[in-house]
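Visitor: Got my_file01.cif for you, mmCIF, C-alpha atoms:
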```cif
data_protein
#
loop_
_atom_site.label_atom_id
_atom_site.label_comp_id
_atom_site.auth_asym_id
_atom_site.auth_seq_id
_atom_site.Cartn_x
_atom_site.Cartn_y
_atom_site.Cartn_z
CA MET A 1 18.56 15.52 25.10
CA SER A 2 18.86 15.15 21.30
CA TRP A 3 17.64 12.05 19.53
CA LEU A 4 21.21 10.96 18.97
CA GLU A 5 21.81 11.07 22.74
CA THR A 6 18.57 9.19 23.47
CA SER A 7 18.57 5.46 24.10
CA THR A 8 16.69 3.39 21.53
CA ASP A 9 16.15 0.54 24.02
CA ASN A 10 12.52 1.48 24.62
CA CYS A 11 11.79 2.94 21.18
CA THR A 12 8.18 2.18 20.28
CA VAL A 13 8.97 1.85 16.58
CA HIS A 14 11.60 -0.76 17.43
CA ARG A 15 9.15 -2.65 19.65
CA THR A 16 6.49 -2.49 16.95
CA LEU A 17 8.90 -3.95 14.42
CA ASP A 18 9.82 -6.72 16.86
CA LEU A 19 6.13 -7.72 16.77
CA VAL A 20 5.16 -7.12 13.15
CA GLY A 21 8.29 -5.96 11.32
CA GLU A 22 8.93 -9.15 9.47
CA LYS A 23 7.88 -9.30 5.85
CA TRP A 24 5.70 -12.37 6.11
CA SER A 25 3.97 -11.14 9.25
CA LEU A 26 2.99 -7.91 7.51
CA LEU A 27 1.88 -9.82 4.42
CA LEU A 28 -0.31 -12.04 6.62
CA LEU A 29 -1.85 -8.88 8.06
CA ARG A 30 -2.33 -7.52 4.54
CA ASP A 31 -4.30 -10.65 3.67
CA ALA A 32 -6.22 -10.60 6.97
CA MET A 33 -7.27 -7.00 6.27
CA ASN A 34 -8.52 -8.22 2.89
CA GLY A 35 -10.72 -10.87 4.48
CA VAL A 36 -8.49 -13.95 4.46
CA ARG A 37 -9.07 -16.01 7.61
CA ARG A 38 -8.22 -19.65 7.09
CA PHE A 39 -4.85 -21.37 7.34
CA ASP A 40 -5.11 -23.05 3.94
CA ASP A 41 -6.18 -19.82 2.29
CA PHE A 42 -3.21 -17.90 3.75
CA ARG A 43 -0.86 -20.71 2.70
CA ARG A 44 -2.16 -20.97 -0.83
CA HIS A 45 -2.40 -17.21 -1.38
CA ILE A 46 0.90 -16.11 0.13
CA GLY A 47 2.84 -19.23 -0.88
CA LEU A 48 4.39 -19.82 2.53
CA SER A 49 5.37 -23.20 3.89
CA GLU A 50 3.11 -24.63 6.59
CA ALA A 51 5.85 -24.35 9.20
CA VAL A 52 6.63 -20.68 8.57
CA LEU A 53 2.95 -19.79 8.30
CA ALA A 54 2.11 -21.56 11.57
CA ASP A 55 4.98 -19.78 13.31
CA ARG A 56 3.96 -16.33 12.11
CA LEU A 57 0.29 -16.89 12.95
CA ARG A 58 1.24 -18.12 16.42
CA LYS A 59 3.34 -15.00 17.04
CA LEU A 60 0.59 -12.66 15.84
CA VAL A 61 -1.94 -14.43 18.09
CA ALA A 62 0.48 -14.26 21.04
CA ALA A 63 0.85 -10.52 20.41
CA GLY A 64 -2.93 -10.06 20.47
CA ILE A 65 -2.99 -8.88 16.86
CA LEU A 66 -4.91 -11.88 15.56
CA GLU A 67 -7.28 -14.13 17.48
CA SER A 68 -8.00 -17.73 16.57
CA VAL A 69 -11.65 -18.75 16.48
CA ALA A 70 -12.80 -22.36 16.21
CA TYR A 71 -15.07 -23.38 13.37
CA ARG A 72 -16.31 -26.71 12.12
CA GLU A 73 -17.66 -27.68 8.75
CA PRO A 74 -20.01 -30.69 8.46
CA GLY A 75 -18.05 -33.94 8.52
CA SER A 76 -14.74 -32.24 9.33
CA ARG A 77 -12.78 -31.83 12.52
CA THR A 78 -12.64 -28.53 14.36
CA ARG A 79 -10.38 -25.99 12.69
CA TYR A 80 -9.36 -22.43 13.51
CA GLU A 81 -9.64 -19.24 11.61
CA TYR A 82 -7.70 -16.07 12.30
CA ARG A 83 -9.38 -12.72 12.78
CA LEU A 84 -7.87 -9.31 13.39
CA THR A 85 -8.44 -7.90 16.84
CA ARG A 86 -8.90 -4.18 17.49
CA LYS A 87 -5.15 -4.08 18.12
CA GLY A 88 -4.61 -5.68 14.72
CA TRP A 89 -6.98 -3.32 12.93
CA ASP A 90 -5.13 -0.41 14.51
CA LEU A 91 -2.30 -1.27 12.10
CA TRP A 92 -4.57 -0.33 9.19
CA PRO A 93 -3.19 3.22 8.76
CA ALA A 94 0.36 1.80 8.63
CA MET A 95 -0.72 -0.76 6.01
CA ILE A 96 -2.44 1.91 3.89
CA ALA A 97 0.66 4.10 4.18
CA LEU A 98 2.95 1.26 3.03
CA LYS A 99 0.59 0.45 0.15
CA GLN A 100 0.43 4.10 -0.89
CA TRP A 101 4.22 4.31 -1.07
CA GLY A 102 4.36 1.02 -2.95
CA ASP A 103 1.65 2.12 -5.39
CA ARG A 104 3.68 5.22 -6.17
CA TYR A 105 7.14 3.69 -6.44
CA THR A 106 6.87 -0.05 -7.11
CA ALA A 107 3.67 -0.70 -9.08
CA ASP A 108 3.58 -2.22 -12.54
CA PRO A 109 3.30 0.48 -15.25
CA GLU A 110 -0.48 0.02 -15.51
CA GLY A 111 -1.00 0.48 -11.76
CA PRO A 112 -1.41 -1.58 -8.57
CA PRO A 113 -3.22 -4.94 -8.39
CA LEU A 114 -5.60 -3.70 -5.70
CA GLU A 115 -7.36 -0.39 -5.21
CA VAL A 116 -8.88 0.86 -1.96
CA HIS A 117 -11.56 3.52 -2.01
CA HIS A 118 -14.02 5.26 0.26
CA ALA A 119 -17.28 3.31 0.27
CA ASP A 120 -19.42 6.45 0.40
CA CYS A 121 -17.88 8.58 -2.35
CA GLY A 122 -15.67 6.16 -4.29
CA GLU A 123 -12.53 8.31 -4.03
CA PRO A 124 -9.17 6.56 -3.41
CA LEU A 125 -7.84 6.41 0.14
CA ARG A 126 -4.72 8.20 1.26
CA ALA A 127 -2.55 7.90 4.36
CA ALA A 128 -2.10 11.33 5.90
CA VAL A 129 -0.40 12.85 8.91
CA VAL A 130 -2.62 15.28 10.79
CA CYS A 131 -2.50 16.82 14.24
CA GLU A 132 -5.02 16.40 17.01
CA ALA A 133 -6.23 19.96 16.50
CA GLY A 134 -7.30 18.89 13.00
CA HIS A 135 -4.56 20.59 10.97
CA GLY A 136 -3.20 18.81 7.95
CA PRO A 137 -2.34 16.81 5.98
CA LEU A 138 1.07 17.81 7.31
CA ILE A 139 4.50 17.42 5.73
CA PRO A 140 7.72 16.65 7.63
CA PRO A 141 8.93 20.29 7.92
CA GLU A 142 5.72 21.08 9.81
CA ALA A 143 6.58 18.56 12.56
CA ARG A 144 8.84 18.92 15.59
CA THR A 145 10.09 16.27 18.00
CA ARG A 146 10.90 16.46 21.70
CA PRO A 147 12.00 13.89 24.27
CA GLY A 148 9.03 11.93 25.61
CA PRO A 149 8.38 10.92 29.22
CA SER A 150 10.41 7.69 28.94
CA ALA A 151 13.44 9.25 27.19
CA ARG A 152 16.69 7.94 28.67
CA PRO A 153 20.29 8.77 27.81
CA LEU A 154 22.05 6.41 25.41
CA GLY A 155 23.98 3.90 27.54
CA MET B 1 -11.73 -11.54 -9.02
CA SER B 2 -11.57 -11.72 -5.21
CA TRP B 3 -8.37 -10.92 -3.34
CA LEU B 4 -7.90 -14.61 -2.60
CA GLU B 5 -7.96 -15.36 -6.33
CA THR B 6 -5.55 -12.49 -7.11
CA SER B 7 -1.84 -13.12 -7.57
CA THR B 8 0.42 -11.49 -4.98
CA ASP B 9 3.39 -11.51 -7.36
CA ASN B 10 3.07 -7.81 -8.13
CA CYS B 11 1.63 -6.70 -4.79
CA THR B 12 2.92 -3.23 -4.01
CA VAL B 13 2.99 -3.89 -0.27
CA HIS B 14 5.17 -6.94 -0.89
CA ARG B 15 7.50 -4.93 -3.13
CA THR B 16 7.68 -2.16 -0.54
CA LEU B 17 8.63 -4.65 2.16
CA ASP B 18 11.30 -6.13 -0.13
CA LEU B 19 12.89 -2.65 -0.13
CA VAL B 20 12.32 -1.43 3.42
CA GLY B 21 10.59 -4.25 5.30
CA GLU B 22 13.56 -5.31 7.34
CA LYS B 23 13.74 -4.13 10.91
CA TRP B 24 17.15 -2.48 10.71
CA SER B 25 16.32 -0.73 7.46
CA LEU B 26 13.23 0.83 9.00
CA LEU B 27 15.18 1.78 12.13
CA LEU B 28 17.80 3.48 9.96
CA LEU B 29 15.01 5.43 8.31
CA ARG B 30 13.61 6.29 11.74
CA ASP B 31 16.98 7.76 12.68
CA ALA B 32 17.38 9.51 9.32
CA MET B 33 13.97 11.16 9.79
CA ASN B 34 15.24 12.35 13.18
CA GLY B 35 18.27 14.02 11.63
CA VAL B 36 20.94 11.33 11.87
CA ARG B 37 23.18 11.43 8.81
CA ARG B 38 26.62 10.01 9.54
CA PHE B 39 27.76 6.42 9.49
CA ASP B 40 29.34 6.54 12.94
CA ASP B 41 26.27 8.20 14.42
CA PHE B 42 23.95 5.51 12.99
CA ARG B 43 26.29 2.81 14.25
CA ARG B 44 26.60 4.19 17.72
CA HIS B 45 22.93 5.07 18.10
CA ILE B 46 21.39 1.92 16.64
CA GLY B 47 24.09 -0.44 17.87
CA LEU B 48 24.56 -2.24 14.55
CA SER B 49 27.78 -3.83 13.39
CA GLU B 50 29.66 -1.93 10.68
CA ALA B 51 29.04 -4.71 8.17
CA VAL B 52 25.26 -4.85 8.65
CA LEU B 53 24.96 -1.08 8.74
CA ALA B 54 27.00 -0.67 5.54
CA ASP B 55 24.83 -3.30 3.83
CA ARG B 56 21.55 -1.67 4.82
CA LEU B 57 22.74 1.81 3.87
CA ARG B 58 23.92 0.52 0.51
CA LYS B 59 20.53 -1.07 -0.18
CA LEU B 60 18.64 2.07 0.81
CA VAL B 61 20.87 4.17 -1.46
CA ALA B 62 20.42 1.68 -4.31
CA ALA B 63 16.65 1.95 -3.84
CA GLY B 64 16.83 5.74 -4.08
CA ILE B 65 15.52 6.15 -0.53
CA LEU B 66 18.75 7.63 0.83
CA GLU B 67 21.44 9.51 -1.06
CA SER B 68 25.07 9.67 -0.03
CA VAL B 69 26.67 13.11 -0.01
CA ALA B 70 30.41 13.67 0.36
CA TYR B 71 31.68 15.87 3.16
CA ARG B 72 35.12 16.62 4.50
CA GLU B 73 36.16 17.95 7.86
CA PRO B 74 39.50 19.79 8.20
CA GLY B 75 42.37 17.33 8.35
CA SER B 76 40.18 14.31 7.58
CA ARG B 77 39.58 12.28 4.47
CA THR B 78 36.36 12.62 2.50
CA ARG B 79 33.44 10.87 4.16
CA TYR B 80 29.81 10.41 3.22
CA GLU B 81 26.63 11.27 4.96
CA TYR B 82 23.21 9.85 4.17
CA ARG B 83 20.19 12.02 3.49
CA LEU B 84 16.63 11.06 2.78
CA THR B 85 15.44 11.69 -0.76
CA ARG B 86 11.89 12.72 -1.59
CA LYS B 87 11.19 9.00 -2.08
CA GLY B 88 12.55 8.36 1.41
CA TRP B 89 10.55 11.17 3.01
CA ASP B 90 7.44 9.74 1.36
CA LEU B 91 7.72 6.92 3.92
CA TRP B 92 7.07 9.43 6.70
CA PRO B 93 3.32 8.68 7.01
CA ALA B 94 4.13 4.97 7.35
CA MET B 95 6.73 5.73 10.03
CA ILE B 96 4.31 7.96 11.95
CA ALA B 97 1.65 5.23 11.70
CA LEU B 98 4.03 2.58 13.06
CA LYS B 99 5.11 4.90 15.88
CA GLN B 100 1.50 5.69 16.75
CA TRP B 101 0.65 2.00 17.06
CA GLY B 102 3.80 1.40 19.09
CA ASP B 103 3.08 4.36 21.37
CA ARG B 104 -0.36 2.89 22.09
CA TYR B 105 0.59 -0.74 22.56
CA THR B 106 4.28 -1.05 23.38
CA ALA B 107 5.38 2.09 25.25
CA ASP B 108 6.76 2.08 28.78
CA PRO B 109 4.04 2.93 31.34
CA GLU B 110 5.09 6.59 31.48
CA GLY B 111 4.88 6.99 27.69
CA PRO B 112 7.09 6.94 24.59
CA PRO B 113 10.70 8.15 24.50
CA LEU B 114 9.97 10.59 21.66
CA GLU B 115 7.01 12.83 20.95
CA VAL B 116 6.14 14.39 17.60
CA HIS B 117 3.96 17.46 17.42
CA HIS B 118 2.74 20.07 14.97
CA ALA B 119 5.20 22.97 14.94
CA ASP B 120 2.45 25.58 14.57
CA CYS B 121 0.02 24.51 17.28
CA GLY B 122 1.95 22.04 19.41
CA GLU B 123 -0.67 19.27 19.19
CA PRO B 124 0.54 15.66 18.77
CA LEU B 125 0.61 14.18 15.28
CA ARG B 126 -1.62 11.34 14.20
CA ALA B 127 -1.57 9.01 11.20
CA ALA B 128 -4.96 9.03 9.53
CA VAL B 129 -6.61 7.47 6.52
CA VAL B 130 -8.58 9.96 4.46
CA CYS B 131 -10.00 9.95 0.94
CA GLU B 132 -9.06 12.23 -1.92
CA ALA B 133 -12.39 14.03 -1.60
CA GLY B 134 -11.30 15.06 1.89
CA HIS B 135 -13.48 12.73 3.95
CA GLY B 136 -12.04 11.26 7.10
CA PRO B 137 -10.32 10.17 9.20
CA LEU B 138 -11.82 6.91 7.95
CA ILE B 139 -12.04 3.53 9.68
CA PRO B 140 -11.73 0.14 7.95
CA PRO B 141 -15.51 -0.48 7.54
CA GLU B 142 -15.69 2.73 5.49
CA ALA B 143 -13.26 1.36 2.89
CA ARG B 144 -13.84 -0.96 -0.07
CA THR B 145 -11.37 -2.73 -2.30
CA ARG B 146 -11.54 -3.68 -5.95
CA PRO B 147 -9.08 -5.28 -8.37
CA GLY B 148 -6.62 -2.74 -9.73
CA PRO B 149 -5.36 -2.41 -13.32
CA SER B 150 -2.54 -4.94 -12.82
CA ALA B 151 -4.62 -7.59 -11.02
CA ARG B 152 -3.81 -11.07 -12.31
CA PRO B 153 -5.24 -14.45 -11.35
CA LEU B 154 -3.30 -16.47 -8.80
CA GLY B 155 -1.10 -18.87 -10.78
#
```
Do you think you could lay out the structure here as C-alpha cells?
Guide:
Amino acid sequence: MSWLETSTDNCTVHRTLDLVGEKWSLLLLRDAMNGVRRFDDFRRHIGLSEAVLADRLRKLVAAGILESVAYREPGSRTRYEYRLTRKGWDLWPAMIALKQWGDRYTADPEGPPLEVHHADCGEPLRAAVVCEAGHGPLIPPEARTRPGPSARPLG
Amino acid sequence: MSWLETSTDNCTVHRTLDLVGEKWSLLLLRDAMNGVRRFDDFRRHIGLSEAVLADRLRKLVAAGILESVAYREPGSRTRYEYRLTRKGWDLWPAMIALKQWGDRYTADPEGPPLEVHHADCGEPLRAAVVCEAGHGPLIPPEARTRPGPSARPLG
C-alpha cells in the first residue's frame, strides 16, 4: 500500500496538529519552554486577548500538555500557573526544529532574538534526525517509509 | 534581558508558524515529503476542497517551500506538480519530530499508519536535539538560552 493509497484518518501528524497545530498554541508552548508560567505573563508577552489565551490554555491542559498548579501570593486570591508536563516537554525537539528553520530563513539580518546553546560546552543546539542504531544526522534520501501496523486503505 | 522582557515581534518561531503553522499547510508538506506531487492527488488524499488546497499550495510556493513544475501528459493540457525545494526539505526534522510525538501519544493502539526507518540499517528514525560540538541527544535541562543579536525589549 503506497502512501497515496493509505487513509490519513489516523495519521499521527494530523492528530498532533489537532492538539497543538494552531499558531497560538505553539507560541504558548514556546513561552512555557522559556519559563513563562502565569496567565498575565503569557497575555502580556504574547499579546493575546484573555478569551483566546484562556481557551488555548484550557485545551493544552485538557490534552495533558500543560498542567495547572495553584499558587497564592500574600493578600491575593488563589491563582493558577501553567507548567509543561513530560508530554509537553516531549514537544521540545519539534520546537527546536521549527526555531532552527526560522533562524535560517526568517530571522532579521543580524540574527534571531533568542539563542539556545548546550549548557556544558556553549555550542548552539541543532535539531537532527538520527536512527535508533545511532547513525546520523540523516538527510531525507537516507530514509525509507513503509506502512505501519495501523495503515488502512483510503476510503 | 529575560525572555519575558523580550519582544516577540521578530520571533523566528512565530515567523515560521506564519508561513507553515496552519494544519493543512503542514499536512500538505507531510504528503509532499511522502512523494505526493499532483494537485488531484493532494486533494483526494487529504480531502481538502479545491479552493483551500489551491490557496495553501499558492502560499507555500510564494514562500519558496514548494516549487511548481509544468508537466504534460499525452492528449492533456499542461498541468503543474509541486515539489519541495531545499527550503521545504529543511522542514523535515520538524516533521519527523511532530510525527514522533504523535506516534507516542496519539497513535491507534496497534501503532502508527506509517513507519520511517534508516535505509541502510532499517532502524526507526528519531528526532533528536544535539549541539554543534556533537554532544547529544540532549534533554531540555541541558540547554540554556540567551538573548540573540536581534533581541529587543517588549514594547
Visitor: Which of these residues is nearest to chain A, using all atoms listed in the file: B:Pro141, B:Pro147, B:Pro153, B:Gly122?
Guide: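 Answer, going by the shortest atom-to-atom distance: B:Pro147.
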Visitor: Report as a PDB file with C-alpha atoms, keeping the file's coordinate frame the residues that result from applying the PyMOL selection byres ((chain B and resi 109) around 12) to the structure here.
Guide:
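Listed below is the output, expr-v6.pdb:
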```pdb
ATOM      1  CA  ASN A  10      12.520   1.480  24.620  1.00  0.00           C
ATOM      2  CA  THR A  12       8.180   2.180  20.280  1.00  0.00           C
ATOM      3  CA  GLY A 148       9.030  11.930  25.610  1.00  0.00           C
ATOM      4  CA  PRO A 149       8.380  10.920  29.220  1.00  0.00           C
ATOM      5  CA  SER A 150      10.410   7.690  28.940  1.00  0.00           C
TER       6      SER A 150
ATOM      7  CA  ASP B 103       3.080   4.360  21.370  1.00  0.00           C
ATOM      8  CA  ARG B 104      -0.360   2.890  22.090  1.00  0.00           C
ATOM      9  CA  TYR B 105       0.590  -0.740  22.560  1.00  0.00           C
ATOM     10  CA  THR B 106       4.280  -1.050  23.380  1.00  0.00           C
ATOM     11  CA  ALA B 107       5.380   2.090  25.250  1.00  0.00           C
ATOM     12  CA  ASP B 108       6.760   2.080  28.780  1.00  0.00           C
ATOM     13  CA  GLU B 110       5.090   6.590  31.480  1.00  0.00           C
ATOM     14  CA  GLY B 111       4.880   6.990  27.690  1.00  0.00           C
ATOM     15  CA  PRO B 112       7.090   6.940  24.590  1.00  0.00           C
ATOM     16  CA  PRO B 113      10.700   8.150  24.500  1.00  0.00           C
TER      17      PRO B 113
END
```
Visitor: Starting from the displayed file, determine the output of the PyMOL selection byres ((chain B and resi 79-84) around 8) and express the residue list as number ranges by chain.
Guide: B: 32-33, 37-39, 65-72, 77-78, 85-89
Visitor: Keeping only C-alpha atoms, take the residues you just selected and write them out as a PDB file, in the frame of the given file.
Guide:
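The new file out-v4.pdb reads:
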```pdb
ATOM      1  CA  ALA B  32      17.380   9.510   9.320  1.00  0.00           C
ATOM      2  CA  MET B  33      13.970  11.160   9.790  1.00  0.00           C
ATOM      3  CA  ARG B  37      23.180  11.430   8.810  1.00  0.00           C
ATOM      4  CA  ARG B  38      26.620  10.010   9.540  1.00  0.00           C
ATOM      5  CA  PHE B  39      27.760   6.420   9.490  1.00  0.00           C
ATOM      6  CA  ILE B  65      15.520   6.150  -0.530  1.00  0.00           C
ATOM      7  CA  LEU B  66      18.750   7.630   0.830  1.00  0.00           C
ATOM      8  CA  GLU B  67      21.440   9.510  -1.060  1.00  0.00           C
ATOM      9  CA  SER B  68      25.070   9.670  -0.030  1.00  0.00           C
ATOM     10  CA  VAL B  69      26.670  13.110  -0.010  1.00  0.00           C
ATOM     11  CA  ALA B  70      30.410  13.670   0.360  1.00  0.00           C
ATOM     12  CA  TYR B  71      31.680  15.870   3.160  1.00  0.00           C
ATOM     13  CA  ARG B  72      35.120  16.620   4.500  1.00  0.00           C
ATOM     14  CA  ARG B  77      39.580  12.280   4.470  1.00  0.00           C
ATOM     15  CA  THR B  78      36.360  12.620   2.500  1.00  0.00           C
ATOM     16  CA  THR B  85      15.440  11.690  -0.760  1.00  0.00           C
ATOM     17  CA  ARG B  86      11.890  12.720  -1.590  1.00  0.00           C
ATOM     18  CA  LYS B  87      11.190   9.000  -2.080  1.00  0.00           C
ATOM     19  CA  GLY B  88      12.550   8.360   1.410  1.00  0.00           C
ATOM     20  CA  TRP B  89      10.550  11.170   3.010  1.00  0.00           C
TER      21      TRP B  89
END
```
Visitor: Tell me which residues come within 9 Å of (2.4, -0.5, 0.2), as a PyMOL selection string, counting all atoms listed in the file in the file's coordinates.
Guide: (chain A and resi 94-104+106) or (chain B and resi 11-17)
Visitor: Evaluate the PyMOL selection byres ((chain A and resi 119) around 9) here and jot the selected residues down as number ranges by chain.
Guide: A: 117-118, 120-123; B: 141-145
Visitor: Which polymer residues, protein or nucleic acid, are no farther than 7 Å from (-1.3, -14.6, -6.1), counting only C-alpha atoms, as a list in words?
Guide: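 Looking at atoms near the point gives His45 and Ile46 of chain A; Glu5, Thr6, Ser7, Thr8, Asp9, Pro153, Leu154 and Gly155 of chain B.
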Visitor: What is the distance, in Å and to one decimal place, between CA of Cys131 (chain A) and CA of Val116 (chain B)?
Guide: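 CA of Val116 (chain B) lies at a distance of 9.6 Å from CA of Cys131 (chain A).
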Visitor: Measure the distance from CA of Glu132 (chain A) to CA of Leu60 (chain A) in Å and round it to one decimal.
Guide: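 Distance between the two atoms: 29.6 Å.
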Visitor: When you draw a straight line from CA of Gly134 (chain B) to CA of Ala127 (chain A), how long is it in Å?
Guide: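 These two atoms are separated by 11.6 Å.
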Visitor: Kindly list the centre and edge lengths in Å, rounded to one decimal, for the axis-aligned box that covers all listed atoms of region 112-121 of chain B plus 6 Å on each of its six sides, as lines of an AutoDock Vina configuration file.
Guide:
```
center_x = 5.4
center_y = 16.3
center_z = 19.6
size_x = 22.7
size_y = 30.6
size_z = 22.0
```
Visitor: My list of candidates is A:Leu29, A:Arg56, A:Arg126, A:Val61. Which is closest to chain B when distances are computed with only C-alpha atoms?
Guide: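 For chain B, the nearest of the candidates is A:Arg126.
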Visitor: With distances taken over all atoms listed in the file, which of A:Leu19, A:Ile139, A:Leu57, A:Leu114 is nearest to Arg152 (chain B)?
Guide: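 That would be A:Leu114, the residue with the smallest distance to Arg152 (chain B).
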Visitor: When you count only C-alpha atoms, which of these residues is closest to Asp31 (chain B): A:Leu53, A:Ala151, A:Asp18, A:Leu4?
Guide: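 Nearest candidate to Asp31 (chain B) out of A:Leu53, A:Ala151, A:Asp18, A:Leu4: A:Leu4.
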Visitor: Which residue out of B:Arg43, B:Ser2, B:Pro137, B:Gly21 has the minimum interatomic distance to chain A when only C-alpha atoms are used?
Guide: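 Ranking B:Arg43, B:Ser2, B:Pro137, B:Gly21 by distance to chain A, first place goes to B:Gly21.
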